[in-house]
Amino acid sequence: MERVASFEKVSFNQFRIDYSKTIGESDDSVIKRVYESIMLPVRATKGSAGYDFCSTVDFVLNPGETINIPTGVRVKIEDGWVLSCYPRSGLGFKYRLQLNNTVGIIDSDYYRSDNEGHIFLKITNCSNDGKSVSIKIGDRFAQGIFTPYGITCDDNVYTERNGGFGSTSN
């Protein structure tokens, strides 16, 4: 296996800003406890392709409901690679849990963005069976898989990212 990336936590200050804005919590002692409990993504077995992301918040998603989860995680990726994020297959199968952008794409230059490359995963319960899904802090709910990518022979892009989600569009 080729080693192409390393996960890190974002700084506490960045996590505090993003967690407060997204989840609505403002008590620094609560946010600090959550920050200290953040687990970096790992593979469950040596044959696993996906690195499991753990929730930083307890939540119940009823059918049709959405939550945006600040993971507290960033990733430094070698050029020529991308991290693709998906819901864990069991949650997708049982609850039709889906990422709102279908597949989360984390580019190698996102690491250097203004928000420290903080990875957010926005999910929706799309259940047709009326099933609610309950996730606790520390539960694995999404997975990321590293894949190589190529560019066209006439590609001349030299623009650099300066921001987070949606920052590369004009």
# chains A, B, ... in the order shown; residues from 1 in each chain; ligands from 1

$ select_by_dssp --residues "range 2-142 of chain A" --states "alpha helix (DSSP H)" --output "JSON list (two decimals) with all heavy atoms, in the first residue's frame"
[["chain", "number", "residue", "atom", "x", "y", "z"],
["A", 12, "PHE", "N", -7.74, 23.91, 18.36],
["A", 12, "PHE", "CA", -8.91, 24.06, 19.22],
["A", 12, "PHE", "C", -9.68, 25.32, 18.85],
["A", 12, "PHE", "O", -10.91, 25.31, 18.80],
["A", 12, "PHE", "CB", -8.54, 24.11, 20.71],
["A", 12, "PHE", "CG", -9.73, 24.44, 21.58],
["A", 12, "PHE", "CD1", -10.75, 23.52, 21.76],
["A", 12, "PHE", "CD2", -9.86, 25.70, 22.15],
["A", 12, "PHE", "CE1", -11.88, 23.84, 22.51],
["A", 12, "PHE", "CE2", -10.98, 26.02, 22.91],
["A", 12, "PHE", "CZ", -11.99, 25.09, 23.10],
["A", 13, "ASN", "N", -8.99, 26.41, 18.56],
["A", 13, "ASN", "CA", -9.66, 27.66, 18.22],
["A", 13, "ASN", "C", -10.53, 27.49, 16.98],
["A", 13, "ASN", "O", -11.68, 27.94, 16.96],
["A", 13, "ASN", "CB", -8.65, 28.79, 18.02],
["A", 13, "ASN", "CG", -9.34, 30.12, 17.89],
["A", 13, "ASN", "OD1", -10.16, 30.51, 18.71],
["A", 13, "ASN", "ND2", -9.03, 30.83, 16.81],
["A", 14, "GLN", "N", -10.01, 26.84, 15.95],
["A", 14, "GLN", "CA", -10.80, 26.63, 14.73],
["A", 14, "GLN", "C", -11.99, 25.73, 15.02],
["A", 14, "GLN", "O", -13.10, 26.00, 14.56],
["A", 14, "GLN", "CB", -9.93, 26.00, 13.63],
["A", 14, "GLN", "CG", -10.64, 25.87, 12.30],
["A", 14, "GLN", "CD", -10.97, 27.22, 11.70],
["A", 14, "GLN", "OE1", -10.09, 28.08, 11.55],
["A", 14, "GLN", "NE2", -12.22, 27.43, 11.35],
["A", 15, "PHE", "N", -11.78, 24.67, 15.80],
["A", 15, "PHE", "CA", -12.88, 23.78, 16.14],
["A", 15, "PHE", "C", -13.95, 24.52, 16.94],
["A", 15, "PHE", "O", -15.14, 24.37, 16.68],
["A", 15, "PHE", "CB", -12.37, 22.57, 16.93],
["A", 15, "PHE", "CG", -13.45, 21.57, 17.24],
["A", 15, "PHE", "CD1", -13.97, 20.77, 16.23],
["A", 15, "PHE", "CD2", -13.95, 21.44, 18.52],
["A", 15, "PHE", "CE1", -14.98, 19.85, 16.51],
["A", 15, "PHE", "CE2", -14.96, 20.53, 18.80],
["A", 15, "PHE", "CZ", -15.47, 19.73, 17.79],
["A", 16, "ARG", "N", -13.52, 25.34, 17.89],
["A", 16, "ARG", "CA", -14.47, 26.09, 18.72],
["A", 16, "ARG", "C", -15.34, 27.00, 17.86],
["A", 16, "ARG", "O", -16.56, 27.04, 18.00],
["A", 16, "ARG", "CB", -13.73, 26.92, 19.77],
["A", 16, "ARG", "CG", -14.65, 27.71, 20.70],
["A", 16, "ARG", "CD", -13.87, 28.49, 21.76],
["A", 16, "ARG", "NE", -12.78, 29.27, 21.24],
["A", 16, "ARG", "CZ", -12.91, 30.43, 20.59],
["A", 16, "ARG", "NH1", -14.09, 30.94, 20.36],
["A", 16, "ARG", "NH2", -11.85, 31.07, 20.17],
["A", 17, "ILE", "N", -14.72, 27.71, 16.93],
["A", 17, "ILE", "CA", -15.46, 28.60, 16.03],
["A", 17, "ILE", "C", -16.47, 27.80, 15.21],
["A", 17, "ILE", "O", -17.66, 28.14, 15.15],
["A", 17, "ILE", "CB", -14.48, 29.35, 15.10],
["A", 17, "ILE", "CG1", -13.66, 30.35, 15.90],
["A", 17, "ILE", "CG2", -15.22, 30.03, 13.95],
["A", 17, "ILE", "CD1", -12.44, 30.89, 15.14],
["A", 18, "ASP", "N", -16.00, 26.72, 14.58],
["A", 18, "ASP", "CA", -16.85, 25.94, 13.68],
["A", 18, "ASP", "C", -17.94, 25.17, 14.43],
["A", 18, "ASP", "O", -19.08, 25.09, 13.97],
["A", 18, "ASP", "CB", -16.01, 24.97, 12.86],
["A", 18, "ASP", "CG", -15.09, 25.68, 11.88],
["A", 18, "ASP", "OD1", -15.36, 26.85, 11.54],
["A", 18, "ASP", "OD2", -14.09, 25.06, 11.45],
["A", 19, "TYR", "N", -17.60, 24.60, 15.58],
["A", 19, "TYR", "CA", -18.57, 23.85, 16.37],
["A", 19, "TYR", "C", -19.67, 24.78, 16.88],
["A", 19, "TYR", "O", -20.85, 24.46, 16.80],
["A", 19, "TYR", "CB", -17.85, 23.16, 17.53],
["A", 19, "TYR", "CG", -18.65, 22.09, 18.23],
["A", 19, "TYR", "CD1", -18.67, 20.79, 17.73],
["A", 19, "TYR", "CD2", -19.37, 22.35, 19.38],
["A", 19, "TYR", "CE1", -19.39, 19.78, 18.37],
["A", 19, "TYR", "CE2", -20.09, 21.36, 20.03],
["A", 19, "TYR", "CZ", -20.09, 20.08, 19.52],
["A", 19, "TYR", "OH", -20.81, 19.10, 20.15],
["A", 20, "SER", "N", -19.27, 25.94, 17.38],
["A", 20, "SER", "CA", -20.25, 26.92, 17.88],
["A", 20, "SER", "C", -21.19, 27.36, 16.76],
["A", 20, "SER", "O", -22.41, 27.43, 16.95],
["A", 20, "SER", "CB", -19.55, 28.15, 18.46],
["A", 20, "SER", "OG", -18.81, 27.81, 19.59],
["A", 21, "LYS", "N", -20.63, 27.64, 15.60],
["A", 21, "LYS", "CA", -21.42, 28.11, 14.46],
["A", 21, "LYS", "C", -22.35, 27.01, 13.94],
["A", 21, "LYS", "O", -23.49, 27.28, 13.58],
["A", 21, "LYS", "CB", -20.47, 28.55, 13.34],
["A", 21, "LYS", "CG", -21.11, 29.39, 12.27],
["A", 21, "LYS", "CD", -20.17, 29.80, 11.14],
["A", 21, "LYS", "CE", -18.75, 30.02, 11.56],
["A", 21, "LYS", "NZ", -17.87, 30.38, 10.44],
["A", 22, "THR", "N", -21.89, 25.78, 13.92],
["A", 22, "THR", "CA", -22.65, 24.68, 13.32],
["A", 22, "THR", "C", -23.63, 24.04, 14.30],
["A", 22, "THR", "O", -24.79, 23.81, 13.98],
["A", 22, "THR", "CB", -21.69, 23.60, 12.78],
["A", 22, "THR", "OG1", -20.72, 24.22, 11.96],
["A", 22, "THR", "CG2", -22.42, 22.56, 11.98],
["A", 23, "ILE", "N", -23.15, 23.72, 15.49],
["A", 23, "ILE", "CA", -23.95, 22.99, 16.48],
["A", 23, "ILE", "C", -24.70, 23.94, 17.40],
["A", 23, "ILE", "O", -25.74, 23.61, 17.95],
["A", 23, "ILE", "CB", -23.06, 22.01, 17.29],
["A", 23, "ILE", "CG1", -22.34, 21.04, 16.34],
["A", 23, "ILE", "CG2", -23.86, 21.26, 18.33],
["A", 23, "ILE", "CD1", -23.24, 20.24, 15.43],
["A", 28, "ASP", "N", -17.26, 26.95, 26.35],
["A", 28, "ASP", "CA", -15.93, 26.48, 26.00],
["A", 28, "ASP", "C", -15.53, 25.19, 26.70],
["A", 28, "ASP", "O", -14.80, 24.38, 26.13],
["A", 28, "ASP", "CB", -14.87, 27.56, 26.30],
["A", 28, "ASP", "CG", -14.69, 28.54, 25.15],
["A", 28, "ASP", "OD1", -15.37, 28.39, 24.11],
["A", 28, "ASP", "OD2", -13.85, 29.45, 25.28],
["A", 29, "SER", "N", -16.01, 24.97, 27.93],
["A", 29, "SER", "CA", -15.64, 23.74, 28.63],
["A", 29, "SER", "C", -16.27, 22.52, 27.96],
["A", 29, "SER", "O", -15.65, 21.46, 27.87],
["A", 29, "SER", "CB", -16.01, 23.81, 30.11],
["A", 29, "SER", "OG", -17.41, 23.89, 30.28],
["A", 30, "VAL", "N", -17.50, 22.66, 27.46],
["A", 30, "VAL", "CA", -18.16, 21.58, 26.74],
["A", 30, "VAL", "C", -17.43, 21.32, 25.42],
["A", 30, "VAL", "O", -17.11, 20.18, 25.08],
["A", 30, "VAL", "CB", -19.65, 21.92, 26.47],
["A", 30, "VAL", "CG1", -20.28, 20.91, 25.52],
["A", 30, "VAL", "CG2", -20.43, 21.99, 27.77],
["A", 31, "ILE", "N", -17.13, 22.39, 24.70],
["A", 31, "ILE", "CA", -16.44, 22.26, 23.41],
["A", 31, "ILE", "C", -15.06, 21.66, 23.61],
["A", 31, "ILE", "O", -14.62, 20.82, 22.82],
["A", 31, "ILE", "CB", -16.38, 23.62, 22.68],
["A", 31, "ILE", "CG1", -17.80, 24.11, 22.38],
["A", 31, "ILE", "CG2", -15.55, 23.51, 21.40],
["A", 31, "ILE", "CD1", -17.88, 25.53, 21.86],
["A", 32, "LYS", "N", -14.37, 22.04, 24.67],
["A", 32, "LYS", "CA", -13.03, 21.50, 24.96],
["A", 32, "LYS", "C", -13.11, 19.99, 25.20],
["A", 32, "LYS", "O", -12.26, 19.24, 24.71],
["A", 32, "LYS", "CB", -12.43, 22.22, 26.17],
["A", 32, "LYS", "CG", -11.01, 21.82, 26.49],
["A", 32, "LYS", "CD", -10.05, 22.40, 25.49],
["A", 32, "LYS", "CE", -8.62, 22.21, 25.96],
["A", 32, "LYS", "NZ", -7.66, 22.61, 24.94],
["A", 33, "ARG", "N", -14.12, 19.54, 25.96],
["A", 33, "ARG", "CA", -14.29, 18.09, 26.20],
["A", 33, "ARG", "C", -14.52, 17.34, 24.89],
["A", 33, "ARG", "O", -13.96, 16.27, 24.66],
["A", 33, "ARG", "CB", -15.45, 17.82, 27.16],
["A", 33, "ARG", "CG", -15.07, 17.91, 28.61],
["A", 33, "ARG", "CD", -16.12, 17.29, 29.52],
["A", 33, "ARG", "NE", -17.48, 17.78, 29.35],
["A", 33, "ARG", "CZ", -17.96, 18.89, 29.89],
["A", 33, "ARG", "NH1", -17.20, 19.63, 30.67],
["A", 33, "ARG", "NH2", -19.21, 19.25, 29.68],
["A", 34, "VAL", "N", -15.35, 17.92, 24.03],
["A", 34, "VAL", "CA", -15.61, 17.29, 22.73],
["A", 34, "VAL", "C", -14.31, 17.26, 21.92],
["A", 34, "VAL", "O", -13.95, 16.22, 21.35],
["A", 34, "VAL", "CB", -16.72, 18.04, 21.95],
["A", 34, "VAL", "CG1", -16.83, 17.51, 20.53],
["A", 34, "VAL", "CG2", -18.05, 17.95, 22.67],
["A", 35, "TYR", "N", -13.59, 18.37, 21.89],
["A", 35, "TYR", "CA", -12.34, 18.46, 21.13],
["A", 35, "TYR", "C", -11.33, 17.41, 21.60],
["A", 35, "TYR", "O", -10.70, 16.73, 20.79],
["A", 35, "TYR", "CB", -11.75, 19.87, 21.26],
["A", 35, "TYR", "CG", -10.45, 20.06, 20.51],
["A", 35, "TYR", "CD1", -10.46, 20.24, 19.12],
["A", 35, "TYR", "CD2", -9.23, 20.04, 21.16],
["A", 35, "TYR", "CE1", -9.27, 20.42, 18.42],
["A", 35, "TYR", "CE2", -8.04, 20.21, 20.47],
["A", 35, "TYR", "CZ", -8.08, 20.39, 19.10],
["A", 35, "TYR", "OH", -6.90, 20.56, 18.41],
["A", 36, "GLU", "N", -11.21, 17.28, 22.90],
["A", 36, "GLU", "CA", -10.25, 16.31, 23.46],
["A", 36, "GLU", "C", -10.65, 14.86, 23.15],
["A", 36, "GLU", "O", -9.81, 13.97, 23.14],
["A", 36, "GLU", "CB", -10.08, 16.53, 24.96],
["A", 36, "GLU", "CG", -9.34, 17.82, 25.26],
["A", 36, "GLU", "CD", -9.33, 18.20, 26.73],
["A", 36, "GLU", "OE1", -10.01, 17.54, 27.55],
["A", 36, "GLU", "OE2", -8.63, 19.18, 27.06],
["A", 37, "SER", "N", -11.94, 14.63, 22.87],
["A", 37, "SER", "CA", -12.39, 13.27, 22.59],
["A", 37, "SER", "C", -12.33, 12.91, 21.10],
["A", 37, "SER", "O", -12.62, 11.77, 20.73],
["A", 37, "SER", "CB", -13.83, 13.07, 23.10],
["A", 37, "SER", "OG", -14.75, 13.75, 22.26],
["A", 89, "SER", "N", -21.32, 2.09, 5.05],
["A", 89, "SER", "CA", -22.27, 1.31, 4.25],
["A", 89, "SER", "C", -23.45, 0.79, 5.05],
["A", 89, "SER", "O", -24.57, 0.78, 4.54],
["A", 89, "SER", "CB", -21.61, 0.17, 3.50],
["A", 89, "SER", "OG", -20.34, -0.12, 3.94],
["A", 90, "GLY", "N", -23.24, 0.35, 6.27],
["A", 90, "GLY", "CA", -24.34, -0.16, 7.07],
["A", 90, "GLY", "C", -25.40, 0.90, 7.34],
["A", 90, "GLY", "O", -26.60, 0.61, 7.32],
["A", 91, "LEU", "N", -24.97, 2.13, 7.58],
["A", 91, "LEU", "CA", -25.93, 3.22, 7.83],
["A", 91, "LEU", "C", -26.68, 3.59, 6.55],
["A", 91, "LEU", "O", -27.87, 3.90, 6.59],
["A", 91, "LEU", "CB", -25.22, 4.45, 8.40],
["A", 91, "LEU", "CG", -24.63, 4.27, 9.80],
["A", 91, "LEU", "CD1", -23.80, 5.48, 10.19],
["A", 91, "LEU", "CD2", -25.73, 4.02, 10.82],
["A", 92, "GLY", "N", -25.99, 3.54, 5.43],
["A", 92, "GLY", "CA", -26.65, 3.78, 4.16],
["A", 92, "GLY", "C", -27.67, 2.70, 3.85],
["A", 92, "GLY", "O", -28.79, 2.98, 3.39],
["A", 93, "PHE", "N", -27.30, 1.46, 4.12],
["A", 93, "PHE", "CA", -28.17, 0.33, 3.83],
["A", 93, "PHE", "C", -29.40, 0.32, 4.74],
["A", 93, "PHE", "O", -30.52, 0.12, 4.29],
["A", 93, "PHE", "CB", -27.39, -0.98, 3.97],
["A", 93, "PHE", "CG", -28.15, -2.19, 3.52],
["A", 93, "PHE", "CD1", -28.25, -2.51, 2.17],
["A", 93, "PHE", "CD2", -28.76, -3.01, 4.45],
["A", 93, "PHE", "CE1", -28.96, -3.62, 1.75],
["A", 93, "PHE", "CE2", -29.47, -4.13, 4.04],
["A", 93, "PHE", "CZ", -29.57, -4.43, 2.69],
["A", 94, "LYS", "N", -29.20, 0.51, 6.04],
["A", 94, "LYS", "CA", -30.30, 0.42, 7.01],
["A", 94, "LYS", "C", -31.20, 1.64, 7.02],
["A", 94, "LYS", "O", -32.41, 1.54, 7.23],
["A", 94, "LYS", "CB", -29.74, 0.22, 8.42],
["A", 94, "LYS", "CG", -29.07, -1.12, 8.64],
["A", 94, "LYS", "CD", -28.46, -1.17, 10.02],
["A", 94, "LYS", "CE", -27.56, -2.38, 10.19],
["A", 94, "LYS", "NZ", -26.78, -2.32, 11.41],
["A", 95, "TYR", "N", -30.61, 2.85, 6.84],
["A", 95, "TYR", "CA", -31.36, 4.09, 7.03],
["A", 95, "TYR", "C", -31.39, 5.00, 5.81],
["A", 95, "TYR", "O", -31.97, 6.08, 5.87],
["A", 95, "TYR", "CB", -30.77, 4.89, 8.20],
["A", 95, "TYR", "CG", -30.74, 4.12, 9.48],
["A", 95, "TYR", "CD1", -29.58, 3.49, 9.90],
["A", 95, "TYR", "CD2", -31.87, 4.02, 10.28],
["A", 95, "TYR", "CE1", -29.53, 2.78, 11.09],
["A", 95, "TYR", "CE2", -31.85, 3.31, 11.46],
["A", 95, "TYR", "CZ", -30.67, 2.69, 11.87],
["A", 95, "TYR", "OH", -30.64, 2.00, 13.04]]

$ closest_atom_pairs --of "range 106-129 of chain A" --to "range 78-84 of chain A" --cutoff "10 Å" --atoms "only C-alpha atoms" --output "Markdown table"
| residue | atom | partner | partner_atom | distance |
| --- | --- | --- | --- | --- |
| A:Ile106 | CA | A:Leu83 | CA | 5.0 |
| A:Asp107 | CA | A:Val82 | CA | 5.2 |
| A:Ser108 | CA | A:Asp79 | CA | 6.1 |
| A:Asp109 | CA | A:Asp79 | CA | 8.3 |

$ write_last_selection --atoms "all heavy atoms" --output "short mmCIF file (atom, residue, chain, number, x, y, z; two decimals), in the first residue's frame"
data_model
loop_
_atom_site.label_atom_id
_atom_site.label_comp_id
_atom_site.auth_asym_id
_atom_site.auth_seq_id
_atom_site.Cartn_x
_atom_site.Cartn_y
_atom_site.Cartn_z
N ILE A 106 -12.36 15.77 -0.78
CA ILE A 106 -11.37 16.57 -0.06
C ILE A 106 -10.10 16.61 -0.92
O ILE A 106 -9.40 15.61 -1.06
CB ILE A 106 -11.06 15.96 1.34
CG1 ILE A 106 -12.35 15.64 2.10
CG2 ILE A 106 -10.13 16.88 2.11
CD1 ILE A 106 -13.25 16.82 2.39
N ASP A 107 -9.85 17.77 -1.51
CA ASP A 107 -8.68 17.95 -2.36
C ASP A 107 -7.43 18.15 -1.52
O ASP A 107 -7.50 18.58 -0.36
CB ASP A 107 -8.87 19.19 -3.25
CG ASP A 107 -10.08 19.08 -4.16
OD1 ASP A 107 -10.19 18.06 -4.85
OD2 ASP A 107 -10.90 20.02 -4.17
N SER A 108 -6.27 17.90 -2.11
CA SER A 108 -5.01 18.03 -1.37
C SER A 108 -4.77 19.47 -0.92
O SER A 108 -4.18 19.68 0.14
CB SER A 108 -3.83 17.52 -2.21
OG SER A 108 -3.69 18.29 -3.38
N ASP A 109 -5.22 20.46 -1.67
CA ASP A 109 -4.96 21.85 -1.26
C ASP A 109 -5.95 22.37 -0.22
O ASP A 109 -5.79 23.46 0.32
CB ASP A 109 -4.88 22.78 -2.46
CG ASP A 109 -6.16 22.86 -3.28
OD1 ASP A 109 -7.08 22.05 -3.05
OD2 ASP A 109 -6.21 23.74 -4.16
#

$ atom_distance --atom1 "CA of Val57 in chain A" --atom2 "CA of Gly130 in chain A"
22.3 Å

$ closest_residue --among "A:Ile69, A:Ile145, A:Val157, A:Val4" --to "Lys122 in chain A" --atoms "only C-alpha atoms"
A:Ile69

$ closest_residue --among "A:Pro87, A:Gly24, A:Pro148, A:Pro63" --to "Leu121 in chain A" --atoms "only C-alpha atoms"
A:Pro87

$ residues_around --residues "Ile135 in chain A" --least-positions-apart "5" --cutoff "7 Å" --atoms "only C-alpha atoms" --output "PyMOL selection string"
chain A and resi 58-60

$ select_by_dssp --residues "range 17-91 of chain A" --states "strand (DSSP E)" --output "ChimeraX atom specification"
/A:51-54,59-61,66-70,73-77,81-87

$ closest_residue --among "A:Ile151, A:Thr102, A:Arg88, A:Tyr111" --to "Tyr51 in chain A" --atoms "only C-alpha atoms"
A:Arg88

$ residues_around --residues "Thr71 in chain A" --least-positions-apart "3" --cutoff "8 Å" --atoms "only C-alpha atoms" --output "ChimeraX atom specification"
/A:38,53-56,118-121

$ atom_distance --atom1 "CA of Met1 in chain A" --atom2 "CA of Ala44 in chain A"
15.8 Å

$ closest_residue --among "A:Thr45, A:Gln98, A:Ser6, A:Thr159" --to "Asn125 in chain A" --atoms "only C-alpha atoms"
A:Gln98

$ closest_residue --among "A:Val10, A:Val42, A:Leu97, A:Cys126" --to "Arg112 in chain A" --atoms "only C-alpha atoms"
A:Val10
